[in-house]
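Student: Sharing data28.cif, mmCIF, C-alpha atoms:
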data_run
#
loop_
_atom_site.label_atom_id
_atom_site.label_comp_id
_atom_site.auth_asym_id
_atom_site.auth_seq_id
_atom_site.Cartn_x
_atom_site.Cartn_y
_atom_site.Cartn_z
CA MET A 284 67.74 62.31 21.14
CA LYS A 285 68.72 58.97 19.66
CA PRO A 286 66.62 55.89 20.61
CA TYR A 287 69.26 54.50 23.00
CA GLU A 288 69.69 57.90 24.64
CA GLN A 289 65.92 58.02 25.20
CA LYS A 290 66.09 54.57 26.80
CA ILE A 291 68.98 55.61 29.05
CA GLU A 292 67.04 58.70 30.10
CA ALA A 293 63.98 56.55 30.87
CA LEU A 294 66.06 54.08 32.90
CA LEU A 295 67.72 56.88 34.88
CA MET A 296 64.27 58.33 35.66
CA TYR A 297 63.03 54.86 36.62
CA LYS A 298 65.97 54.20 38.97
CA ASN A 299 65.91 57.75 40.41
CA GLU A 300 69.34 57.25 41.97
CA PRO A 301 72.95 57.04 40.74
CA THR A 302 72.99 54.09 38.33
CA THR A 303 76.06 52.17 37.22
CA TYR A 304 77.05 52.02 33.57
CA THR A 305 77.31 48.26 34.06
CA TRP A 306 73.62 48.03 35.03
CA LEU A 307 72.59 50.25 32.10
CA ALA A 308 74.73 48.20 29.70
CA LYS A 309 73.17 44.95 30.88
CA ALA A 310 69.64 46.35 30.62
CA LEU A 311 70.27 47.68 27.10
CA GLU A 312 72.44 44.76 25.94
CA LEU A 313 75.29 47.13 25.08
CA GLN A 314 78.93 47.38 26.08
CA LYS A 315 79.72 49.53 29.11
CA SER A 316 81.93 51.77 26.95
CA GLU A 317 79.04 52.35 24.51
CA VAL A 318 76.78 53.40 27.37
CA LYS A 319 79.41 55.80 28.75
CA ASP A 320 79.80 57.37 25.29
CA LEU A 321 76.03 57.74 24.91
CA VAL A 322 75.72 59.35 28.34
CA SER A 323 78.51 61.78 27.49
CA GLU A 324 76.72 62.70 24.25
CA MET A 325 73.50 63.28 26.23
CA GLN A 326 75.14 66.09 28.25
CA GLN A 327 74.37 68.63 25.52
CA TYR A 328 70.66 67.89 25.81
CA TYR A 329 70.61 68.98 29.47
CA GLN A 330 72.19 72.41 29.01
CA ASN A 331 69.88 75.12 30.42
CA ARG A 332 67.21 72.63 31.47
CA GLY A 333 65.40 71.79 34.72
CA PHE A 334 67.45 68.59 34.98
CA ILE A 335 71.19 68.03 34.94
CA LEU A 336 72.93 64.82 33.97
CA VAL A 337 75.56 63.96 36.61
CA GLN A 338 78.37 61.61 35.60
CA THR A 339 81.20 59.94 37.50
CA ASP A 340 83.56 57.18 36.34
CA GLU A 341 81.05 54.50 37.36
CA TYR A 342 77.63 56.16 37.71
CA ALA A 343 75.17 58.42 35.93
CA SER A 344 72.06 60.09 37.35
CA LEU A 345 69.49 62.72 36.53
CA MET A 346 69.16 65.44 39.15
CA THR A 347 67.16 68.63 39.44
CA SER A 348 69.00 71.77 38.40
CA PRO A 349 70.59 73.89 41.16
CA LEU A 350 68.50 76.79 39.79
CA ALA A 351 65.42 75.12 41.30
CA ALA A 352 67.02 74.49 44.73
CA SER A 353 65.13 77.24 46.60
CA ILE A 354 61.77 76.16 45.14
CA ILE A 355 62.44 72.50 46.00
CA ASP A 356 63.56 73.43 49.53
CA HIS A 357 60.29 75.34 49.99
CA LEU A 358 58.25 72.37 48.69
CA ASN A 359 60.18 69.97 50.95
CA LYS A 360 59.39 72.20 53.96
CA ASN A 361 55.69 72.12 53.05
CA GLN A 362 55.87 68.35 52.53
CA LYS A 363 57.28 67.87 56.04
CA GLU A 364 54.35 69.71 57.55
CA LYS A 365 51.68 67.58 55.82
CA GLU A 366 50.19 64.48 57.40
CA LEU A 367 51.41 61.14 56.09
CA SER A 368 49.31 59.56 53.35
CA LYS A 369 47.93 56.02 53.61
CA GLN A 370 50.63 54.86 51.16
CA ALA A 371 53.39 56.54 53.20
CA LEU A 372 52.10 54.93 56.41
CA GLU A 373 51.99 51.55 54.66
CA THR A 374 55.60 51.95 53.47
CA LEU A 375 56.73 53.19 56.88
CA ALA A 376 55.06 50.19 58.55
CA ILE A 377 56.97 47.79 56.27
CA ILE A 378 60.24 49.48 57.20
CA MET A 379 59.36 49.49 60.90
CA TYR A 380 58.37 45.83 61.03
CA LYS A 381 61.31 44.66 58.91
CA ALA A 382 63.90 46.92 60.64
CA GLN A 383 65.90 47.12 57.39
CA VAL A 384 64.62 46.59 53.87
CA THR A 385 65.58 47.46 50.29
CA LYS A 386 63.44 49.49 47.90
CA SER A 387 62.89 46.47 45.65
CA GLU A 388 61.58 44.45 48.60
CA ILE A 389 59.23 47.30 49.57
CA ASP A 390 58.02 47.51 45.96
CA TYR A 391 57.44 43.74 45.93
CA ILE A 392 55.43 43.81 49.15
CA ARG A 393 53.36 46.84 48.10
CA GLY A 394 53.05 45.84 44.44
CA VAL A 395 53.93 49.37 43.23
CA ASN A 396 56.99 51.60 42.85
CA SER A 397 57.68 53.37 46.15
CA VAL A 398 60.43 55.78 45.10
CA PHE A 399 58.49 58.99 45.77
CA ILE A 400 57.10 57.78 49.09
CA LEU A 401 60.59 56.78 50.24
CA ARG A 402 61.88 60.22 49.22
CA ASN A 403 59.09 61.84 51.25
CA LEU A 404 59.87 59.71 54.32
CA LEU A 405 63.60 60.52 53.98
CA ILE A 406 62.86 64.25 53.76
CA ARG A 407 60.78 64.05 56.93
CA GLY A 408 63.60 62.27 58.75
CA LEU A 409 61.41 59.24 59.53
CA ILE A 410 63.71 56.81 57.73
CA THR A 411 67.34 56.83 56.65
CA LYS A 412 69.54 54.84 54.27
CA LYS A 413 72.09 52.30 55.45
CA PRO A 414 74.72 50.78 53.13
CA ASN A 415 73.99 47.27 51.91
CA LEU A 416 77.31 45.43 51.92
CA LEU A 417 75.96 42.72 49.60
CA ASP A 418 74.71 45.18 46.97
CA LYS A 419 76.07 48.72 47.15
CA ARG A 420 73.51 49.92 44.56
CA SER A 421 70.57 48.92 46.75
CA PRO A 422 70.77 50.48 50.23
CA PHE A 423 68.66 49.41 53.16
CA TYR A 424 65.97 51.73 54.48
CA ILE A 425 65.78 51.77 58.26
CA PRO A 426 63.58 53.66 60.74
CA THR A 427 65.09 56.62 62.63
CA HIS A 428 64.67 57.50 66.28
CA ASP A 429 62.42 60.35 65.17
CA VAL A 430 59.86 57.90 63.82
CA LEU A 431 59.51 56.29 67.25
CA ALA A 432 58.83 59.70 68.77
CA HIS A 433 56.44 60.50 65.90
CA LEU A 434 54.49 57.32 66.68
CA GLY A 435 54.73 57.79 70.45
CA ILE A 436 56.48 54.47 71.13
CA SER A 437 59.86 53.69 72.66
CA ASN A 438 60.58 50.40 70.87
CA VAL A 439 59.58 48.97 67.49
CA LYS A 440 58.37 45.85 69.25
CA ASP A 441 55.62 48.01 70.77
CA MET A 442 54.02 48.17 67.32
CA PRO A 443 50.63 46.38 67.06
CA GLU A 444 50.88 42.60 66.54
CA PHE A 445 54.62 42.96 65.98
CA ASP A 446 55.51 39.23 66.09
CA LEU A 447 52.74 38.14 63.69
CA ILE A 448 53.33 40.89 61.12
CA GLU A 449 57.11 40.47 61.29
CA LYS A 450 56.64 36.73 60.60
CA ASN A 451 54.34 37.43 57.62
CA LEU A 452 56.80 39.95 56.17
CA HIS A 453 59.66 37.47 56.51
CA GLU A 454 57.61 34.90 54.59
CA LEU A 455 57.06 37.47 51.84
CA GLU A 456 60.78 38.24 51.86
CA ASP A 457 61.59 34.54 51.39
CA ARG A 458 59.18 34.37 48.43
CA TYR A 459 60.74 37.53 46.99
CA GLN A 460 64.28 36.10 47.32
CA ASP A 461 63.18 32.86 45.60
CA GLU A 462 61.66 34.83 42.71
CA GLN A 463 64.80 36.98 42.36
CA LYS A 464 66.92 33.87 41.82
CA ASP A 465 64.83 32.95 38.79
CA THR A 466 64.52 36.36 37.13
CA GLU A 467 66.64 37.71 34.31
CA PRO A 468 67.82 41.35 34.38
CA LEU A 469 65.57 43.97 32.81
CA VAL A 470 66.29 44.15 29.08
CA VAL A 471 65.30 47.21 27.08
CA GLY A 472 65.91 47.53 23.35
CA GLY A 473 66.31 43.89 22.33
CA GLU A 474 68.53 43.28 19.32
CA GLU A 475 68.31 46.85 18.04
CA SER A 476 71.69 48.10 16.87
CA LEU A 477 73.32 51.19 18.29
CA ALA A 478 72.18 54.23 16.29
CA LYS A 479 74.99 56.68 15.63
#
Can you turn what I pasted into C-alpha coordinates?
Tutor:
Amino acid sequence: MKPYEQKIEALLMYKNEPTTYTWLAKALELQKSEVKDLVSEMQQYYQNRGFILVQTDEYASLMTSPLAASIIDHLNKNQKEKELSKQALETLAIIMYKAQVTKSEIDYIRGVNSVFILRNLLIRGLITKKPNLLDKRSPFYIPTHDVLAHLGISNVKDMPEFDLIEKNLHELEDRYQDEQKDTEPLVVGGEESLAK
(Lines of atoms letter the chains of each structure in order from A and count residues from 1; the text may use other names and numbers.)
(Lines give C-alpha, C1' and ligand atoms only; values in the text may rest on other atoms or scores of the structure.)
Protein backbone atom coordinates (compact mmCIF):
# COMPACT_ATOMS: atom_id res chain seq x y z
CA MET A 1 0.00 0.00 0.00
CA LYS A 2 1.15 3.52 -0.77
CA PRO A 3 1.62 5.95 2.16
CA TYR A 4 -1.59 7.89 1.43
CA GLU A 5 -3.55 4.66 1.08
CA GLN A 6 -2.25 3.59 4.50
CA LYS A 7 -3.39 6.92 5.93
CA ILE A 8 -6.85 6.58 4.35
CA GLU A 9 -7.14 3.07 5.79
CA ALA A 10 -6.13 4.37 9.24
CA LEU A 11 -8.66 7.23 9.04
CA LEU A 12 -11.45 4.87 7.96
CA MET A 13 -10.63 2.59 10.91
CA TYR A 14 -10.54 5.61 13.23
CA LYS A 15 -13.92 6.92 12.04
CA ASN A 16 -15.50 3.43 11.98
CA GLU A 17 -18.45 4.73 9.97
CA PRO A 18 -19.09 5.86 6.38
CA THR A 19 -16.71 8.79 5.85
CA THR A 20 -17.02 11.45 3.16
CA TYR A 21 -14.29 11.94 0.58
CA THR A 22 -14.47 15.63 1.47
CA TRP A 23 -13.54 14.91 5.11
CA LEU A 24 -10.71 12.59 4.04
CA ALA A 25 -9.43 15.17 1.53
CA LYS A 26 -9.39 17.89 4.17
CA ALA A 27 -7.62 15.67 6.70
CA LEU A 28 -4.98 14.63 4.15
CA GLU A 29 -4.72 18.03 2.44
CA LEU A 30 -5.56 16.47 -0.94
CA GLN A 31 -8.19 17.11 -3.58
CA LYS A 32 -11.43 15.14 -3.26
CA SER A 33 -10.82 13.58 -6.69
CA GLU A 34 -7.36 12.37 -5.58
CA VAL A 35 -8.89 10.70 -2.52
CA LYS A 36 -11.58 9.00 -4.62
CA ASP A 37 -8.90 7.68 -7.00
CA LEU A 38 -6.81 6.39 -4.10
CA VAL A 39 -9.81 4.66 -2.53
CA SER A 40 -10.64 3.02 -5.86
CA GLU A 41 -7.05 1.78 -6.14
CA MET A 42 -7.30 0.36 -2.60
CA GLN A 43 -10.12 -2.01 -3.64
CA GLN A 44 -7.62 -4.59 -4.91
CA TYR A 45 -6.03 -4.80 -1.47
CA TYR A 46 -9.30 -5.97 0.10
CA GLN A 47 -9.99 -8.88 -2.25
CA ASN A 48 -10.39 -12.12 -0.24
CA ARG A 49 -9.78 -10.41 3.10
CA GLY A 50 -11.67 -10.14 6.39
CA PHE A 51 -12.56 -6.53 5.54
CA ILE A 52 -14.26 -5.06 2.49
CA LEU A 53 -13.93 -1.49 1.29
CA VAL A 54 -17.41 -0.08 0.57
CA GLN A 55 -17.64 2.93 -1.76
CA THR A 56 -20.48 5.20 -2.82
CA ASP A 57 -20.33 8.49 -4.74
CA GLU A 58 -19.75 10.43 -1.51
CA TYR A 59 -18.59 7.96 1.16
CA ALA A 60 -16.08 5.21 1.85
CA SER A 61 -16.00 2.79 4.77
CA LEU A 62 -14.31 -0.38 5.92
CA MET A 63 -16.72 -3.17 6.85
CA THR A 64 -16.32 -6.77 7.94
CA SER A 65 -16.60 -9.31 5.16
CA PRO A 66 -19.98 -11.05 4.68
CA LEU A 67 -18.07 -14.34 5.10
CA ALA A 68 -17.75 -13.53 8.81
CA ALA A 69 -21.45 -12.62 9.29
CA SER A 70 -22.45 -15.81 11.15
CA ILE A 71 -19.46 -15.56 13.52
CA ILE A 72 -20.17 -11.87 14.22
CA ASP A 73 -23.88 -12.59 14.79
CA HIS A 74 -22.90 -15.26 17.32
CA LEU A 75 -20.51 -12.87 19.09
CA ASN A 76 -23.17 -10.12 19.11
CA LYS A 77 -25.63 -12.55 20.73
CA ASN A 78 -23.06 -13.38 23.43
CA GLN A 79 -22.33 -9.67 23.89
CA LYS A 80 -26.01 -8.95 24.52
CA GLU A 81 -26.11 -11.50 27.30
CA LYS A 82 -23.12 -10.06 29.20
CA GLU A 83 -23.48 -7.48 31.94
CA LEU A 84 -22.59 -3.90 31.04
CA SER A 85 -19.04 -2.82 31.85
CA LYS A 86 -18.26 0.25 33.95
CA GLN A 87 -17.30 2.12 30.75
CA ALA A 88 -20.56 1.12 29.03
CA LEU A 89 -22.59 2.27 32.05
CA GLU A 90 -20.68 5.57 32.07
CA THR A 91 -21.41 6.11 28.36
CA LEU A 92 -25.04 5.10 28.79
CA ALA A 93 -25.40 7.54 31.70
CA ILE A 94 -24.09 10.40 29.54
CA ILE A 95 -26.64 9.56 26.84
CA MET A 96 -29.45 9.22 29.39
CA TYR A 97 -28.73 12.52 31.13
CA LYS A 98 -28.16 14.44 27.88
CA ALA A 99 -31.13 12.85 26.02
CA GLN A 100 -29.28 13.25 22.71
CA VAL A 101 -25.54 13.54 22.20
CA THR A 102 -22.96 13.04 19.44
CA LYS A 103 -20.05 10.60 19.62
CA SER A 104 -17.52 13.45 19.68
CA GLU A 105 -19.28 15.00 22.69
CA ILE A 106 -19.27 11.63 24.48
CA ASP A 107 -15.57 11.22 23.69
CA TYR A 108 -14.90 14.73 25.03
CA ILE A 109 -16.75 14.07 28.29
CA ARG A 110 -15.14 10.65 28.81
CA GLY A 111 -11.71 11.64 27.52
CA VAL A 112 -11.42 8.47 25.38
CA ASN A 113 -12.76 7.08 22.10
CA SER A 114 -16.15 5.46 22.72
CA VAL A 115 -16.78 3.83 19.33
CA PHE A 116 -16.75 0.22 20.55
CA ILE A 117 -18.87 0.96 23.62
CA LEU A 118 -21.44 2.77 21.47
CA ARG A 119 -21.51 -0.21 19.09
CA ASN A 120 -22.11 -2.53 22.06
CA LEU A 121 -24.96 -0.36 23.39
CA LEU A 122 -26.52 -0.20 19.89
CA ILE A 123 -26.33 -4.00 19.54
CA ARG A 124 -28.09 -4.41 22.89
CA GLY A 125 -30.85 -2.03 21.81
CA LEU A 126 -30.19 0.33 24.74
CA ILE A 127 -29.48 3.31 22.48
CA THR A 128 -30.27 4.23 18.90
CA LYS A 129 -29.05 6.77 16.35
CA LYS A 130 -31.05 9.83 15.36
CA PRO A 131 -30.13 12.02 12.36
CA ASN A 132 -28.37 15.27 13.20
CA LEU A 133 -29.79 17.88 10.82
CA LEU A 134 -26.85 20.24 11.46
CA ASP A 135 -24.20 17.61 10.67
CA LYS A 136 -25.35 14.51 8.79
CA ARG A 137 -21.99 12.78 9.41
CA SER A 138 -22.39 12.96 13.18
CA PRO A 139 -25.68 11.41 14.34
CA PHE A 140 -27.13 11.84 17.80
CA TYR A 141 -27.22 8.89 20.17
CA ILE A 142 -30.43 8.69 22.16
CA PRO A 143 -31.73 6.24 24.79
CA THR A 144 -34.39 3.71 23.75
CA HIS A 145 -37.47 2.65 25.68
CA ASP A 146 -35.70 -0.64 26.38
CA VAL A 147 -33.06 1.13 28.45
CA LEU A 148 -35.73 2.50 30.78
CA ALA A 149 -37.06 -1.01 31.31
CA HIS A 150 -33.49 -2.30 31.74
CA LEU A 151 -32.93 0.27 34.50
CA GLY A 152 -36.38 -0.22 36.01
CA ILE A 153 -37.49 3.41 35.64
CA SER A 154 -40.36 4.96 33.72
CA ASN A 155 -38.82 8.37 33.00
CA VAL A 156 -35.25 9.61 32.53
CA LYS A 157 -35.90 12.27 35.13
CA ASP A 158 -36.13 9.45 37.69
CA MET A 159 -32.36 9.00 37.31
CA PRO A 160 -30.35 9.89 40.46
CA GLU A 161 -29.64 13.63 40.86
CA PHE A 162 -30.97 14.23 37.36
CA ASP A 163 -31.12 18.05 37.52
CA LEU A 164 -27.60 18.48 38.94
CA ILE A 165 -25.91 16.04 36.56
CA GLU A 166 -27.82 17.39 33.55
CA LYS A 167 -26.63 20.91 34.47
CA ASN A 168 -23.00 19.74 34.79
CA LEU A 169 -23.16 17.96 31.44
CA HIS A 170 -24.58 21.06 29.77
CA GLU A 171 -21.67 23.09 31.16
CA LEU A 172 -19.26 20.53 29.68
CA GLU A 173 -21.12 20.72 26.38
CA ASP A 174 -20.74 24.52 26.33
CA ARG A 175 -16.99 24.16 26.95
CA TYR A 176 -16.79 21.53 24.20
CA GLN A 177 -18.63 23.79 21.72
CA ASP A 178 -16.28 26.70 22.55
CA GLU A 179 -13.23 24.49 21.97
CA GLN A 180 -14.63 23.20 18.66
CA LYS A 181 -14.87 26.76 17.33
CA ASP A 182 -11.13 27.21 17.83
CA THR A 183 -9.87 23.88 16.48
CA GLU A 184 -8.55 23.18 13.02
CA PRO A 185 -9.54 19.95 11.22
CA LEU A 186 -7.35 16.89 11.74
CA VAL A 187 -4.45 17.00 9.28
CA VAL A 188 -2.54 13.85 8.43
CA GLY A 189 0.39 13.79 6.03
CA GLY A 190 1.45 17.44 6.03
CA GLU A 191 3.08 18.67 2.83
CA GLU A 192 3.95 15.19 1.58
CA SER A 193 3.24 14.86 -2.13
CA LEU A 194 0.91 12.23 -3.53
CA ALA A 195 2.91 9.06 -4.24
CA LYS A 196 1.90 7.42 -7.49
Student: Near Ile335 (chain A), within 6 Å and counting only C-alpha atoms, which residues show up once chain neighbours fewer than 2 positions away are dropped, as a VMD selection string?
Tutor: chain A and resid 329 345 to 346 348
Student: Hey, which bits of region 384-469 of chain A sit within 12 Å of region 294-298 of chain A, and for each residue what's the closest pair of atoms and how far apart in Å (one decimal), counting only C-alpha atoms, rows by chain and increasing number, as a tab-separated table?
Tutor:
residue	atom	partner	partner_atom	distance
A:Lys386	CA	A:Lys298	CA	10.4
A:Ser387	CA	A:Lys298	CA	10.7
A:Asn396	CA	A:Tyr297	CA	9.3
A:Ser397	CA	A:Lys298	CA	11.0
A:Val398	CA	A:Lys298	CA	8.4
A:Phe399	CA	A:Tyr297	CA	11.0
A:Arg420	CA	A:Lys298	CA	10.3
A:Ser421	CA	A:Lys298	CA	10.5
A:Leu469	CA	A:Leu294	CA	10.1
Student: Pick out the closest residue to Ile355 (chain A) from this set: A:Leu447, A:Leu375, A:Ile291, A:Ile406. Count all atoms listed in the file.
Tutor: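 Counting all atoms listed in the file, the residue closest to Ile355 (chain A) is A:Ile406.
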Student: What's the separation between CA of Leu307 (chain A) and CA of Asn331 (chain A), in Å to one decimal place?
Tutor: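 Between CA of Leu307 (chain A) and CA of Asn331 (chain A) the gap works out to 25.1 Å.
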Student: What does the distance between CA of Leu409 (chain A) and CA of Thr427 (chain A) come to in Å, to one decimal place?
Tutor: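 Pair CA of Leu409 (chain A) / CA of Thr427 (chain A) returns 5.5 Å.
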Student: Would you compute the distance between CA of Asp340 (chain A) and CA of Gln463 (chain A)? Give it in Å to one decimal.
Tutor: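 A separation of 28.2 Å between them.
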Student: Using all atoms listed in the file, find the one residue out of A:Val337, A:Lys315, A:Met379, A:Tyr328 that sits nearest to Leu434 (chain A).
Tutor: A:Met379
Student: Counting all atoms listed in the file, which of A:Ala352, A:Thr302, A:Lys319, A:Tyr380 gets nearest to Lys450 (chain A)?
Tutor: A:Tyr380
Student: Hey, which of A:Ser316, A:Thr347, A:Glu324, A:Met284 ends up closest to Asn299 (chain A)? Count all atoms listed in the file.
Tutor: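 Ranking A:Ser316, A:Thr347, A:Glu324, A:Met284 by distance to Asn299 (chain A), first place goes to A:Thr347.
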Student: Could you list as a PyMOL selection string every residue that has an atom within 10 Å of (79.2, 52.7, 28.2), using the file's coordinates and counting only C-alpha atoms?
Tutor: chain A and resi 303-308+313-323+341
